[in-house]
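work-v1.txt follows (compact mmCIF, C-alpha atoms and all ligand atoms):
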```txt
# COMPACT_ATOMS: atom_id res chain seq x y z
CA MET K 8 22.32 3.79 -17.25
CA PRO K 9 18.53 3.33 -17.43
CA ARG K 10 16.43 6.29 -18.53
CA VAL K 11 13.17 4.89 -17.17
CA PHE K 12 12.48 4.64 -13.44
CA LEU K 13 9.58 3.03 -11.58
CA VAL K 14 9.58 5.08 -8.42
CA GLY K 15 7.84 4.54 -5.08
CA ALA K 16 6.28 7.86 -4.08
CA GLY K 17 5.55 6.64 -0.55
CA PRO K 18 2.27 7.06 1.37
CA GLY K 19 1.88 10.80 0.87
CA ASP K 20 4.22 12.88 3.01
CA PRO K 21 6.93 14.03 0.55
CA ASP K 22 9.52 13.84 3.34
CA LEU K 23 9.13 10.05 3.20
CA LEU K 24 10.55 9.85 -0.33
CA THR K 25 13.95 8.22 -0.66
CA VAL K 26 16.82 10.54 -1.55
CA LYS K 27 17.21 8.66 -4.83
CA ALA K 28 13.51 9.09 -5.67
CA ALA K 29 13.70 12.84 -4.99
CA ARG K 30 16.78 13.08 -7.22
CA VAL K 31 15.26 11.34 -10.25
CA ILE K 32 11.94 13.21 -9.87
CA ALA K 33 13.83 16.52 -9.95
CA ALA K 34 15.76 15.45 -13.06
CA ALA K 35 12.84 13.91 -14.99
CA ASP K 36 11.72 15.06 -18.44
CA VAL K 37 8.45 13.15 -18.12
CA VAL K 38 6.55 12.13 -14.99
CA LEU K 39 3.66 9.66 -15.18
CA TYR K 40 1.78 9.52 -11.90
CA ASP K 41 -1.09 7.68 -10.22
CA SER K 42 -4.05 9.15 -8.37
CA LEU K 43 -2.58 8.21 -4.98
CA VAL K 44 0.63 10.17 -5.53
CA ASP K 45 0.64 13.33 -3.46
CA PRO K 46 0.58 16.52 -5.61
CA ARG K 47 3.56 17.86 -3.63
CA VAL K 48 5.63 14.93 -4.87
CA VAL K 49 4.63 15.55 -8.49
CA ALA K 50 5.47 19.24 -7.98
CA MET K 51 9.05 18.28 -7.14
CA SER K 52 9.65 17.75 -10.87
CA ARG K 53 11.16 20.71 -12.71
CA ALA K 54 8.92 23.34 -14.32
CA GLY K 55 9.67 22.16 -17.88
CA ALA K 56 8.89 18.50 -17.16
CA ARG K 57 5.85 16.92 -18.79
CA ARG K 58 3.53 15.71 -16.06
CA ILE K 59 1.02 13.07 -17.10
CA ASP K 60 -1.79 12.02 -14.76
CA VAL K 61 -2.52 8.40 -15.60
CA GLY K 62 -5.09 8.31 -12.78
CA LYS K 63 -4.70 4.61 -12.11
CA ARG K 64 -7.03 3.49 -9.34
CA CYS K 65 -7.17 0.04 -7.82
CA GLY K 66 -9.76 -2.20 -9.42
CA ARG K 67 -9.92 -0.22 -12.66
CA HIS K 68 -10.30 -2.16 -15.91
CA SER K 69 -7.13 -3.74 -17.26
CA ALA K 70 -7.45 -1.79 -20.57
CA SER K 71 -6.40 1.28 -18.59
CA GLN K 72 -3.36 -0.59 -17.37
CA ALA K 73 -2.58 -1.54 -20.99
CA GLU K 74 -2.81 2.13 -21.97
CA ILE K 75 -0.42 3.08 -19.18
CA CYS K 76 2.03 0.42 -20.37
CA ARG K 77 1.81 1.69 -23.95
CA LEU K 78 2.37 5.27 -22.80
CA LEU K 79 5.32 4.27 -20.62
CA VAL K 80 6.95 2.40 -23.51
CA ALA K 81 6.27 5.26 -25.95
CA GLN K 82 7.85 7.76 -23.57
CA GLY K 83 10.76 5.40 -22.85
CA ARG K 84 11.49 5.08 -26.58
CA THR K 85 12.00 8.83 -26.93
CA GLY K 86 15.13 8.61 -24.78
CA ALA K 87 13.67 11.12 -22.30
CA LEU K 88 14.29 10.62 -18.59
CA VAL K 89 10.97 9.02 -17.60
CA VAL K 90 9.76 8.66 -14.03
CA ARG K 91 6.76 6.46 -13.40
CA LEU K 92 5.54 7.48 -9.94
CA LYS K 93 3.48 5.00 -7.96
CA GLY K 94 1.95 5.40 -4.52
CA GLY K 95 3.78 3.60 -1.70
CA ASP K 96 6.13 0.96 -3.07
CA PRO K 97 5.81 0.00 -6.74
CA MET K 98 6.21 -3.71 -5.91
CA VAL K 99 3.29 -3.87 -3.45
CA PHE K 100 -0.12 -4.00 -5.16
CA GLY K 101 1.23 -1.55 -7.71
CA ARG K 102 0.79 -3.45 -11.01
CA ALA K 103 4.55 -3.14 -11.49
CA THR K 104 4.69 -6.58 -13.11
CA GLU K 105 2.74 -5.42 -16.16
CA GLU K 106 4.77 -2.24 -16.56
CA MET K 107 8.13 -3.98 -16.15
CA GLY K 108 6.96 -6.65 -18.61
CA ALA K 109 6.02 -4.03 -21.20
CA LEU K 110 9.39 -2.28 -20.81
CA ARG K 111 11.29 -5.57 -21.03
CA ALA K 112 9.35 -6.60 -24.15
CA ALA K 113 10.23 -3.27 -25.76
CA GLY K 114 13.90 -3.72 -24.85
CA ILE K 115 13.88 -0.65 -22.59
CA ASP K 116 16.19 -0.78 -19.59
CA PHE K 117 14.67 0.44 -16.32
CA GLU K 118 15.36 0.76 -12.62
CA VAL K 119 12.97 0.38 -9.70
CA ILE K 120 13.29 2.72 -6.73
CA PRO K 121 11.44 1.42 -3.67
CA GLY K 122 9.12 3.53 -1.53
CA VAL K 123 7.59 3.43 1.93
CA THR K 124 4.56 1.18 1.65
CA ALA K 125 1.25 2.02 3.34
CA ALA K 126 1.65 -0.84 5.85
CA THR K 127 4.80 0.57 7.39
CA ALA K 128 3.53 4.15 7.20
CA ALA K 129 0.47 3.01 9.18
CA ALA K 130 2.65 1.14 11.69
CA ALA K 131 4.69 4.31 12.19
CA ALA K 132 1.50 6.34 12.74
CA LEU K 133 0.32 3.79 15.30
CA HIS K 134 3.69 3.50 17.06
CA CYS K 135 3.13 -0.21 16.67
CA SER K 136 5.60 -2.81 15.44
CA LEU K 137 3.94 -5.20 13.00
CA THR K 138 6.05 -8.08 14.26
CA ARG K 139 6.62 -8.89 17.94
CA ARG K 140 8.66 -11.77 19.27
CA GLY K 141 6.28 -14.28 20.82
CA VAL K 142 3.19 -12.39 19.63
CA ALA K 143 3.34 -11.96 15.86
CA ARG K 144 6.06 -13.83 14.00
CA SER K 145 4.81 -13.26 10.48
CA LEU K 146 3.42 -10.44 8.42
CA HIS K 147 0.92 -10.91 5.59
CA PHE K 148 -0.03 -8.30 3.00
CA LEU K 149 -3.49 -9.02 1.56
CA ALA K 150 -5.58 -7.45 -1.15
CA GLY K 151 -9.02 -6.60 0.19
CA HIS K 152 -10.42 -6.20 -3.29
CA GLY K 153 -10.39 -8.71 -6.15
CA ALA K 154 -9.87 -8.04 -9.86
CA GLN K 155 -13.59 -8.66 -10.49
CA SER K 156 -14.54 -6.41 -7.54
CA GLY K 157 -15.63 -8.07 -4.32
CA LEU K 158 -13.39 -10.17 -2.10
CA PRO K 159 -10.42 -12.18 -3.31
CA ALA K 160 -10.50 -15.91 -2.50
CA HIS K 161 -8.00 -15.94 0.36
CA ASP K 162 -7.32 -19.00 2.46
CA TRP K 163 -9.09 -17.47 5.48
CA VAL K 164 -8.41 -20.44 7.75
CA SER K 165 -4.66 -20.51 7.08
CA LEU K 166 -4.38 -16.76 7.51
CA THR K 167 -6.29 -16.93 10.78
CA LYS K 168 -4.22 -19.85 12.04
CA SER K 169 -0.94 -18.15 11.11
CA GLY K 170 -1.26 -15.91 14.16
CA GLY K 171 0.66 -13.26 12.23
CA THR K 172 -0.23 -9.65 11.57
CA LEU K 173 -2.57 -9.24 8.61
CA VAL K 174 -2.43 -6.02 6.64
CA VAL K 175 -5.26 -5.44 4.21
CA TYR K 176 -4.73 -3.05 1.31
CA MET K 177 -7.78 -1.81 -0.65
CA GLY K 178 -10.08 -3.22 2.03
CA GLY K 179 -11.94 -0.10 3.17
CA GLN K 180 -15.11 -1.03 1.25
CA THR K 181 -14.95 -4.79 1.65
CA LEU K 182 -14.12 -4.87 5.37
CA PRO K 183 -17.54 -6.23 6.49
CA GLY K 184 -17.12 -9.26 4.20
CA LEU K 185 -13.48 -9.71 5.16
CA ALA K 186 -14.29 -9.62 8.86
CA SER K 187 -17.08 -12.20 8.45
CA HIS K 188 -14.70 -14.55 6.62
CA PHE K 189 -12.08 -14.25 9.37
CA ILE K 190 -14.60 -14.79 12.16
CA GLU K 191 -16.10 -17.81 10.35
CA ALA K 192 -12.54 -19.13 9.95
CA GLY K 193 -12.11 -19.08 13.72
CA MET K 194 -10.72 -15.64 14.49
CA ALA K 195 -11.95 -14.29 17.83
CA PRO K 196 -14.27 -11.30 17.29
CA GLU K 197 -12.16 -9.53 19.97
CA MET K 198 -9.00 -9.73 17.84
CA PRO K 199 -7.48 -6.22 17.75
CA ALA K 200 -7.96 -4.46 14.41
CA VAL K 201 -7.12 -0.92 13.37
CA ALA K 202 -7.92 1.13 10.28
CA VAL K 203 -5.66 3.98 9.26
CA GLU K 204 -6.93 6.48 6.73
CA SER K 205 -4.45 8.69 4.82
CA ALA K 206 -1.39 7.54 6.77
CA SER K 207 1.34 10.21 6.93
CA LEU K 208 -0.99 12.94 5.62
CA GLU K 209 -2.70 15.84 7.32
CA GLY K 210 -6.08 14.09 7.13
CA GLN K 211 -4.73 10.98 8.85
CA ARG K 212 -7.34 9.22 11.00
CA ILE K 213 -6.97 6.16 13.17
CA LEU K 214 -9.88 3.89 14.12
CA ARG K 215 -9.06 1.31 16.79
CA GLY K 216 -11.35 -1.61 17.41
CA THR K 217 -11.63 -5.33 17.00
CA ILE K 218 -12.32 -7.48 13.97
CA GLY K 219 -15.90 -7.62 15.25
CA SER K 220 -16.36 -3.87 15.69
CA LEU K 221 -14.10 -2.28 13.06
CA PRO K 222 -16.34 -2.78 9.98
CA GLY K 223 -19.10 -0.70 11.60
CA GLN K 224 -16.60 1.94 12.75
CA VAL K 225 -15.13 2.24 9.23
CA VAL K 226 -18.55 2.53 7.59
CA GLY K 227 -19.52 5.19 10.14
CA ALA K 228 -16.31 7.15 9.58
CA LYS K 229 -17.08 7.70 5.85
CA ALA K 230 -13.43 7.79 4.86
CA VAL K 231 -12.43 9.99 1.96
CA GLY K 232 -8.74 9.01 1.80
CA PRO K 233 -7.15 5.58 1.26
CA VAL K 234 -7.68 3.14 4.13
CA ILE K 235 -5.43 0.34 5.29
CA VAL K 236 -6.55 -2.24 7.83
CA LEU K 237 -4.26 -4.03 10.27
CA ILE K 238 -5.38 -7.09 12.20
CA GLY K 239 -3.67 -9.16 14.87
CA GLU K 240 -2.42 -9.38 18.46
CA ALA K 241 0.45 -7.02 17.63
CA LEU K 242 -2.18 -4.28 17.30
CA ALA K 243 -3.29 -4.62 20.93
CA GLU K 244 -3.05 -1.51 23.11
CA PRO K 245 0.39 -1.26 24.77
CA ASP K 246 -0.78 -2.53 28.21
CA GLU K 247 -2.60 -5.52 26.67
CA LEU K 248 0.48 -6.20 24.56
CA ASP K 249 2.62 -6.26 27.69
CA ASP K 250 0.33 -8.96 29.13
CA LEU K 251 0.56 -10.97 25.89
CA LEU K 252 4.35 -10.68 25.93
CA LEU K 253 4.54 -11.82 29.55
CA ARG K 254 2.34 -14.81 28.73
CA ALA K 255 4.46 -15.59 25.62
CA GLU K 256 7.67 -15.40 27.68
CA ALA K 257 6.13 -17.70 30.28
CA GLY K 258 5.34 -20.14 27.45
CA GLY K 259 1.58 -19.59 27.75
C1 LIG R 1 -3.46 -0.05 -5.19
S1 LIG R 1 -2.94 -0.15 -3.55
C2 LIG R 1 -1.32 0.57 -3.69
C3 LIG R 1 -0.41 0.26 -2.55
C4 LIG R 1 0.93 0.96 -2.64
N1 LIG R 1 1.69 0.46 -3.76
C5 LIG R 1 1.75 0.84 -1.35
O1 LIG R 1 2.82 0.22 -1.37
O2 LIG R 1 1.32 1.40 -0.33
C6 LIG R 1 -3.85 1.16 -2.78
C7 LIG R 1 -4.13 0.87 -1.31
O3 LIG R 1 -2.98 1.17 -0.53
C8 LIG R 1 -3.38 1.63 0.74
N2 LIG R 1 -2.83 3.00 0.93
C9 LIG R 1 -2.05 3.67 0.08
N3 LIG R 1 -1.66 4.85 0.61
C10 LIG R 1 -2.22 4.91 1.85
C11 LIG R 1 -2.20 5.85 2.90
N4 LIG R 1 -1.51 7.00 2.81
N5 LIG R 1 -2.90 5.58 4.03
C12 LIG R 1 -3.61 4.43 4.15
N6 LIG R 1 -3.65 3.49 3.19
C13 LIG R 1 -2.97 3.72 2.05
C14 LIG R 1 -4.91 1.63 0.77
O4 LIG R 1 -5.32 0.38 1.30
C15 LIG R 1 -5.22 1.73 -0.71
O5 LIG R 1 -6.51 1.22 -0.98
```
How does the structure come out when it is put into structure tokens?
Amino acid sequence: MPRVFLVGAGPGDPDLLTVKAARVIAAADVVLYDSLVDPRVVAMSRAGARRIDVGKRCGRHSASQAEICRLLVAQGRTGALVVRLKGGDPMVFGRATEEMGALRAAGIDFEVIPGVTAATAAAAALHCSLTRRGVARSLHFLAGHGAQSGLPAHDWVSLTKSGGTLVVYMGGQTLPGLASHFIEAGMAPEMPAVAVESASLEGQRILRGTIGSLPGQVVGAKAVGPVIVLIGEALAEPDELDDLLLRAEAGG
């Protein structure tokens, strides 16, 4: 049985943890957690557990990631029950590859427990399916922030042509640049786009607009929590979506 667990802490609301995640958190001797993990989730560990804030934020220098890997391996070697808590799902923009690699290299067995990722938490908040037959047949998770800060080099034209729903993580700051790239790549400025701040949490805010208008709305909103951006026809208001569906069914 592994003694080290990479655990998805979900988008914030502790009720969105999996039963398995809640069980290992409660049993843990050591909990290493990121800045995006809700304090109520960390507090689910027992009073005697060692709680270590590794404060990993997106875009931070890789040396910090190396330190986290070293710490994880050092804790794993003690034989303690170690829970590495990561916001959302560990396998989605969570640097899980590095941590699993470090554990593997050290010969430490581990298990990954998935979590609710921000994209699906946002979809739930919006009451909006990210895929819709005839409207959005694919779903794309994109990083809105590159390793060297600024925008990653996405294939903007292919993404635009895909006609799928685009979900941008870590794109709150870079949205003006992202939107320009999509519009230059042929996306209509009227394409529905929505930003969700702090999905599932008390401070949740929803900004509805278009790819043309949303950057200005997001800047004006001065978000304090994490922001996820969703773009595509599937994000249209329900009555517009009904029209799109009718047209899709009619083959238009
Ligand atoms: C480093 S990524 C981690 C993603 C995480 N592993 C997941 O599966 O959700 C951080 C980004 O996730 C998104 N995010 C995480 N939690 C969120 C929340 N509660 N509401 C909105 N966006 C969130 C934001 O785009 C944020 O910049």
Centre, x/y/z edge lengths, axis-aligned box for range 233-250 of chain K with 5 Å per side, as AutoDock Vina command-line options:
```
--center_x -2.5 --center_y -1.9 --center_z 15.2 --size_x 20.3 --size_y 25.0 --size_z 37.9
```
At most 12 Å is the cut-off: for each residue in range 87-116 of chain K with any atom that close to an atom of range 163-176 of chain K, write down the nearest atom pair and the distance in Å rounded to one decimal, counting all atoms listed in the file, chain first then increasing number, as a Markdown table.
```
| residue | atom | partner | partner_atom | distance |
| --- | --- | --- | --- | --- |
| K:Gly95 | CA | K:Tyr176 | CA | 11.2 |
| K:Val99 | CA | K:Tyr176 | CA | 9.4 |
| K:Phe100 | CA | K:Tyr176 | CA | 8.0 |
| K:Gly101 | CA | K:Tyr176 | CA | 10.9 |
```
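Here CA of Glu191 in chain K stands at a distance of 28.4 Å from atom C11 of ligand LIG 1 (chain R).
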Could you list, as a tab-separated table (two decimals) with C-alpha atoms, keeping the file's coordinate frame, every residue within 7 Å of Leu92 in chain K, counting only C-alpha atoms and ignoring same-chain residues fewer than 3 positions away?
```tsv
chain	number	residue	atom	x	y	z
K	13	LEU	CA	9.58	3.03	-11.58
K	14	VAL	CA	9.58	5.08	-8.42
K	15	GLY	CA	7.84	4.54	-5.08
K	16	ALA	CA	6.28	7.86	-4.08
K	38	VAL	CA	6.55	12.13	-14.99
K	39	LEU	CA	3.66	9.66	-15.18
K	40	TYR	CA	1.78	9.52	-11.90
K	41	ASP	CA	-1.09	7.68	-10.22
```
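Separating CA of Met51 in chain K from CA of Asp116 in chain K is a distance of 23.9 Å.
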Length of the CA of Gly62 in chain K to CA of Pro222 in chain K vector [Å]: 27.7 Å
All residues having an atom within 7 Å of ligand LIG 1 (chain R) (only C-alpha atoms and all ligand atoms) as a ChimeraX atom specification: /K:17-19,43,64-65,93-101,123-126,129,175-179,203-208,233-235
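Distances here use all atoms listed in the file; by that measure, the residue among K:Ala112, K:Gln72, K:Leu88, K:Arg57 closest to Ala34 in chain K is K:Leu88.
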Distance criterion (only C-alpha atoms): nearest to Gly157 in chain K out of K:Gly141, K:Gly86, K:Gly184, K:Pro196: K:Gly184
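Using all atoms listed in the file for every distance, the candidate list K:Ser145, K:Ile75, K:Asp20, K:Thr104 yields K:Asp20 as the residue closest to Gln211 in chain K.
The residue that comes closest to Gln180 in chain K, out of K:Ala130, K:Leu221, K:Cys135, K:Ile213 and on the basis of only C-alpha atoms, is K:Leu221.
The closest residue to Leu158 in chain K, picked from K:Leu146, K:Leu24, K:Ile32, K:Leu185 and counting all atoms listed in the file, is K:Leu185.
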Neighbours of point (10.9, 2.7, -14.6) within 6 Å, using all atoms listed in the file, written as an MDAnalysis selection string: chainID K and resid 11:13 91 117:119
Answer as number ranges by chain, residues within 6 Å of (11.0, 11.0, -19.5) using all atoms listed in the file: K: 35-37, 87-89
Contact residues around Lys27 in chain K with all atoms listed in the file at 8 Å, ignoring same-chain residues under 3 positions, as a list in words: Arg30, Val31 and Ile120 of chain K
Would you write out those residues with C-alpha atoms, as a PDB file, in the frame of the given file?
```
ATOM      1  CA  ARG K  30      16.780  13.080  -7.220  1.00  0.00           C
ATOM      2  CA  VAL K  31      15.260  11.340 -10.250  1.00  0.00           C
ATOM      3  CA  ILE K 120      13.290   2.720  -6.730  1.00  0.00           C
TER       4      ILE K 120
END
```
Arg140 in chain K environment, 9 Å, all atoms listed in the file, sequence neighbours closer than 2 positions dropped, as a VMD selection string: chain K and resid 138 142 to 144 252 255
Polymer residues at most 10 Å from Met198 in chain K, only C-alpha atoms, same-chain spacing of 4 or more positions, as a PyMOL selection string: chain K and resi 190+194+216-220+238-243
Contact residues around Arg77 in chain K with only C-alpha atoms at 10 Å, ignoring same-chain residues under 6 positions, as a PDB file with C-alpha atoms, keeping the file's coordinate frame:
```
ATOM      1  CA  SER K  71      -6.400   1.280 -18.590  1.00  0.00           C
ATOM      2  CA  GLY K  83      10.760   5.400 -22.850  1.00  0.00           C
ATOM      3  CA  GLU K 106       4.770  -2.240 -16.560  1.00  0.00           C
ATOM      4  CA  ALA K 109       6.020  -4.030 -21.200  1.00  0.00           C
ATOM      5  CA  LEU K 110       9.390  -2.280 -20.810  1.00  0.00           C
ATOM      6  CA  ALA K 113      10.230  -3.270 -25.760  1.00  0.00           C
TER       7      ALA K 113
END
```
Kindly write all heavy atoms of range 34-45 of chain K from the structure just given to a file, as a PDB file, in the first residue's frame.
```pdb
ATOM      1  N   ALA K  34      -6.302  10.928   7.733  1.00  0.00           N
ATOM      2  CA  ALA K  34      -5.364   9.945   8.296  1.00  0.00           C
ATOM      3  C   ALA K  34      -3.907  10.414   8.209  1.00  0.00           C
ATOM      4  O   ALA K  34      -3.017   9.802   8.810  1.00  0.00           O
ATOM      5  CB  ALA K  34      -5.518   8.617   7.552  1.00  0.00           C
ATOM      6  N   ALA K  35      -3.645  11.485   7.477  1.00  0.00           N
ATOM      7  CA  ALA K  35      -2.260  11.873   7.155  1.00  0.00           C
ATOM      8  C   ALA K  35      -1.430  12.232   8.387  1.00  0.00           C
ATOM      9  O   ALA K  35      -1.935  12.804   9.351  1.00  0.00           O
ATOM     10  CB  ALA K  35      -2.287  13.062   6.197  1.00  0.00           C
ATOM     11  N   ASP K  36      -0.116  11.886   8.303  1.00  0.00           N
ATOM     12  CA  ASP K  36       0.840  12.376   9.307  1.00  0.00           C
ATOM     13  C   ASP K  36       1.404  13.720   8.856  1.00  0.00           C
ATOM     14  O   ASP K  36       1.718  14.576   9.670  1.00  0.00           O
ATOM     15  CB  ASP K  36       2.005  11.378   9.439  1.00  0.00           C
ATOM     16  CG  ASP K  36       1.534   9.994   9.877  1.00  0.00           C
ATOM     17  OD1 ASP K  36       0.776   9.919  10.866  1.00  0.00           O
ATOM     18  OD2 ASP K  36       1.901   8.998   9.218  1.00  0.00           O
ATOM     19  N   VAL K  37       1.560  13.861   7.538  1.00  0.00           N
ATOM     20  CA  VAL K  37       2.136  15.086   6.970  1.00  0.00           C
ATOM     21  C   VAL K  37       1.270  15.531   5.798  1.00  0.00           C
ATOM     22  O   VAL K  37       0.892  14.714   4.969  1.00  0.00           O
ATOM     23  CB  VAL K  37       3.578  14.821   6.441  1.00  0.00           C
ATOM     24  CG1 VAL K  37       4.193  16.092   5.889  1.00  0.00           C
ATOM     25  CG2 VAL K  37       4.460  14.218   7.518  1.00  0.00           C
ATOM     26  N   VAL K  38       0.979  16.826   5.758  1.00  0.00           N
ATOM     27  CA  VAL K  38       0.207  17.375   4.630  1.00  0.00           C
ATOM     28  C   VAL K  38       1.020  18.514   4.016  1.00  0.00           C
ATOM     29  O   VAL K  38       1.368  19.477   4.702  1.00  0.00           O
ATOM     30  CB  VAL K  38      -1.167  17.913   5.100  1.00  0.00           C
ATOM     31  CG1 VAL K  38      -1.934  18.509   3.929  1.00  0.00           C
ATOM     32  CG2 VAL K  38      -1.997  16.819   5.750  1.00  0.00           C
ATOM     33  N   LEU K  39       1.331  18.385   2.744  1.00  0.00           N
ATOM     34  CA  LEU K  39       2.012  19.466   2.016  1.00  0.00           C
ATOM     35  C   LEU K  39       0.957  20.090   1.106  1.00  0.00           C
ATOM     36  O   LEU K  39       0.343  19.386   0.305  1.00  0.00           O
ATOM     37  CB  LEU K  39       3.134  18.888   1.147  1.00  0.00           C
ATOM     38  CG  LEU K  39       4.459  18.508   1.799  1.00  0.00           C
ATOM     39  CD1 LEU K  39       4.351  17.164   2.488  1.00  0.00           C
ATOM     40  CD2 LEU K  39       5.539  18.444   0.757  1.00  0.00           C
ATOM     41  N   TYR K  40       0.766  21.395   1.211  1.00  0.00           N
ATOM     42  CA  TYR K  40      -0.329  21.973   0.425  1.00  0.00           C
ATOM     43  C   TYR K  40       0.075  23.245  -0.311  1.00  0.00           C
ATOM     44  O   TYR K  40       0.942  23.992   0.124  1.00  0.00           O
ATOM     45  CB  TYR K  40      -1.554  22.230   1.316  1.00  0.00           C
ATOM     46  CG  TYR K  40      -1.315  23.197   2.451  1.00  0.00           C
ATOM     47  CD1 TYR K  40      -1.640  24.542   2.323  1.00  0.00           C
ATOM     48  CD2 TYR K  40      -0.765  22.762   3.653  1.00  0.00           C
ATOM     49  CE1 TYR K  40      -1.425  25.434   3.358  1.00  0.00           C
ATOM     50  CE2 TYR K  40      -0.535  23.653   4.698  1.00  0.00           C
ATOM     51  CZ  TYR K  40      -0.868  24.986   4.540  1.00  0.00           C
ATOM     52  OH  TYR K  40      -0.637  25.863   5.563  1.00  0.00           O
ATOM     53  N   ASP K  41      -0.629  23.466  -1.418  1.00  0.00           N
ATOM     54  CA  ASP K  41      -0.407  24.637  -2.279  1.00  0.00           C
ATOM     55  C   ASP K  41      -1.211  25.832  -1.810  1.00  0.00           C
ATOM     56  O   ASP K  41      -2.169  25.680  -1.045  1.00  0.00           O
ATOM     57  CB  ASP K  41      -0.897  24.316  -3.697  1.00  0.00           C
ATOM     58  CG  ASP K  41       0.092  23.484  -4.472  1.00  0.00           C
ATOM     59  OD1 ASP K  41       1.221  23.336  -4.010  1.00  0.00           O
ATOM     60  OD2 ASP K  41      -0.292  22.997  -5.555  1.00  0.00           O
ATOM     61  N   SER K  42      -0.899  26.990  -2.394  1.00  0.00           N
ATOM     62  CA  SER K  42      -1.622  28.211  -2.017  1.00  0.00           C
ATOM     63  C   SER K  42      -3.097  28.163  -2.414  1.00  0.00           C
ATOM     64  O   SER K  42      -3.926  28.799  -1.779  1.00  0.00           O
ATOM     65  CB  SER K  42      -0.953  29.418  -2.653  1.00  0.00           C
ATOM     66  OG  SER K  42      -0.864  29.215  -4.037  1.00  0.00           O
ATOM     67  N   LEU K  43      -3.435  27.414  -3.461  1.00  0.00           N
ATOM     68  CA  LEU K  43      -4.837  27.408  -3.904  1.00  0.00           C
ATOM     69  C   LEU K  43      -5.710  26.422  -3.130  1.00  0.00           C
ATOM     70  O   LEU K  43      -6.908  26.343  -3.368  1.00  0.00           O
ATOM     71  CB  LEU K  43      -4.923  27.076  -5.400  1.00  0.00           C
ATOM     72  CG  LEU K  43      -4.779  28.234  -6.380  1.00  0.00           C
ATOM     73  CD1 LEU K  43      -4.972  27.761  -7.818  1.00  0.00           C
ATOM     74  CD2 LEU K  43      -5.754  29.371  -6.080  1.00  0.00           C
ATOM     75  N   VAL K  44      -5.106  25.681  -2.209  1.00  0.00           N
ATOM     76  CA  VAL K  44      -5.913  24.725  -1.443  1.00  0.00           C
ATOM     77  C   VAL K  44      -6.657  25.473  -0.336  1.00  0.00           C
ATOM     78  O   VAL K  44      -6.052  26.244   0.429  1.00  0.00           O
ATOM     79  CB  VAL K  44      -5.027  23.601  -0.856  1.00  0.00           C
ATOM     80  CG1 VAL K  44      -5.840  22.697   0.060  1.00  0.00           C
ATOM     81  CG2 VAL K  44      -4.388  22.797  -1.978  1.00  0.00           C
ATOM     82  N   ASP K  45      -7.946  25.243  -0.255  1.00  0.00           N
ATOM     83  CA  ASP K  45      -8.762  25.956   0.724  1.00  0.00           C
ATOM     84  C   ASP K  45      -8.331  25.566   2.160  1.00  0.00           C
ATOM     85  O   ASP K  45      -8.131  24.386   2.442  1.00  0.00           O
ATOM     86  CB  ASP K  45     -10.235  25.581   0.506  1.00  0.00           C
ATOM     87  CG  ASP K  45     -11.162  26.510   1.254  1.00  0.00           C
ATOM     88  OD1 ASP K  45     -11.413  26.252   2.455  1.00  0.00           O
ATOM     89  OD2 ASP K  45     -11.620  27.489   0.648  1.00  0.00           O
TER      90      ASP K  45
END
```
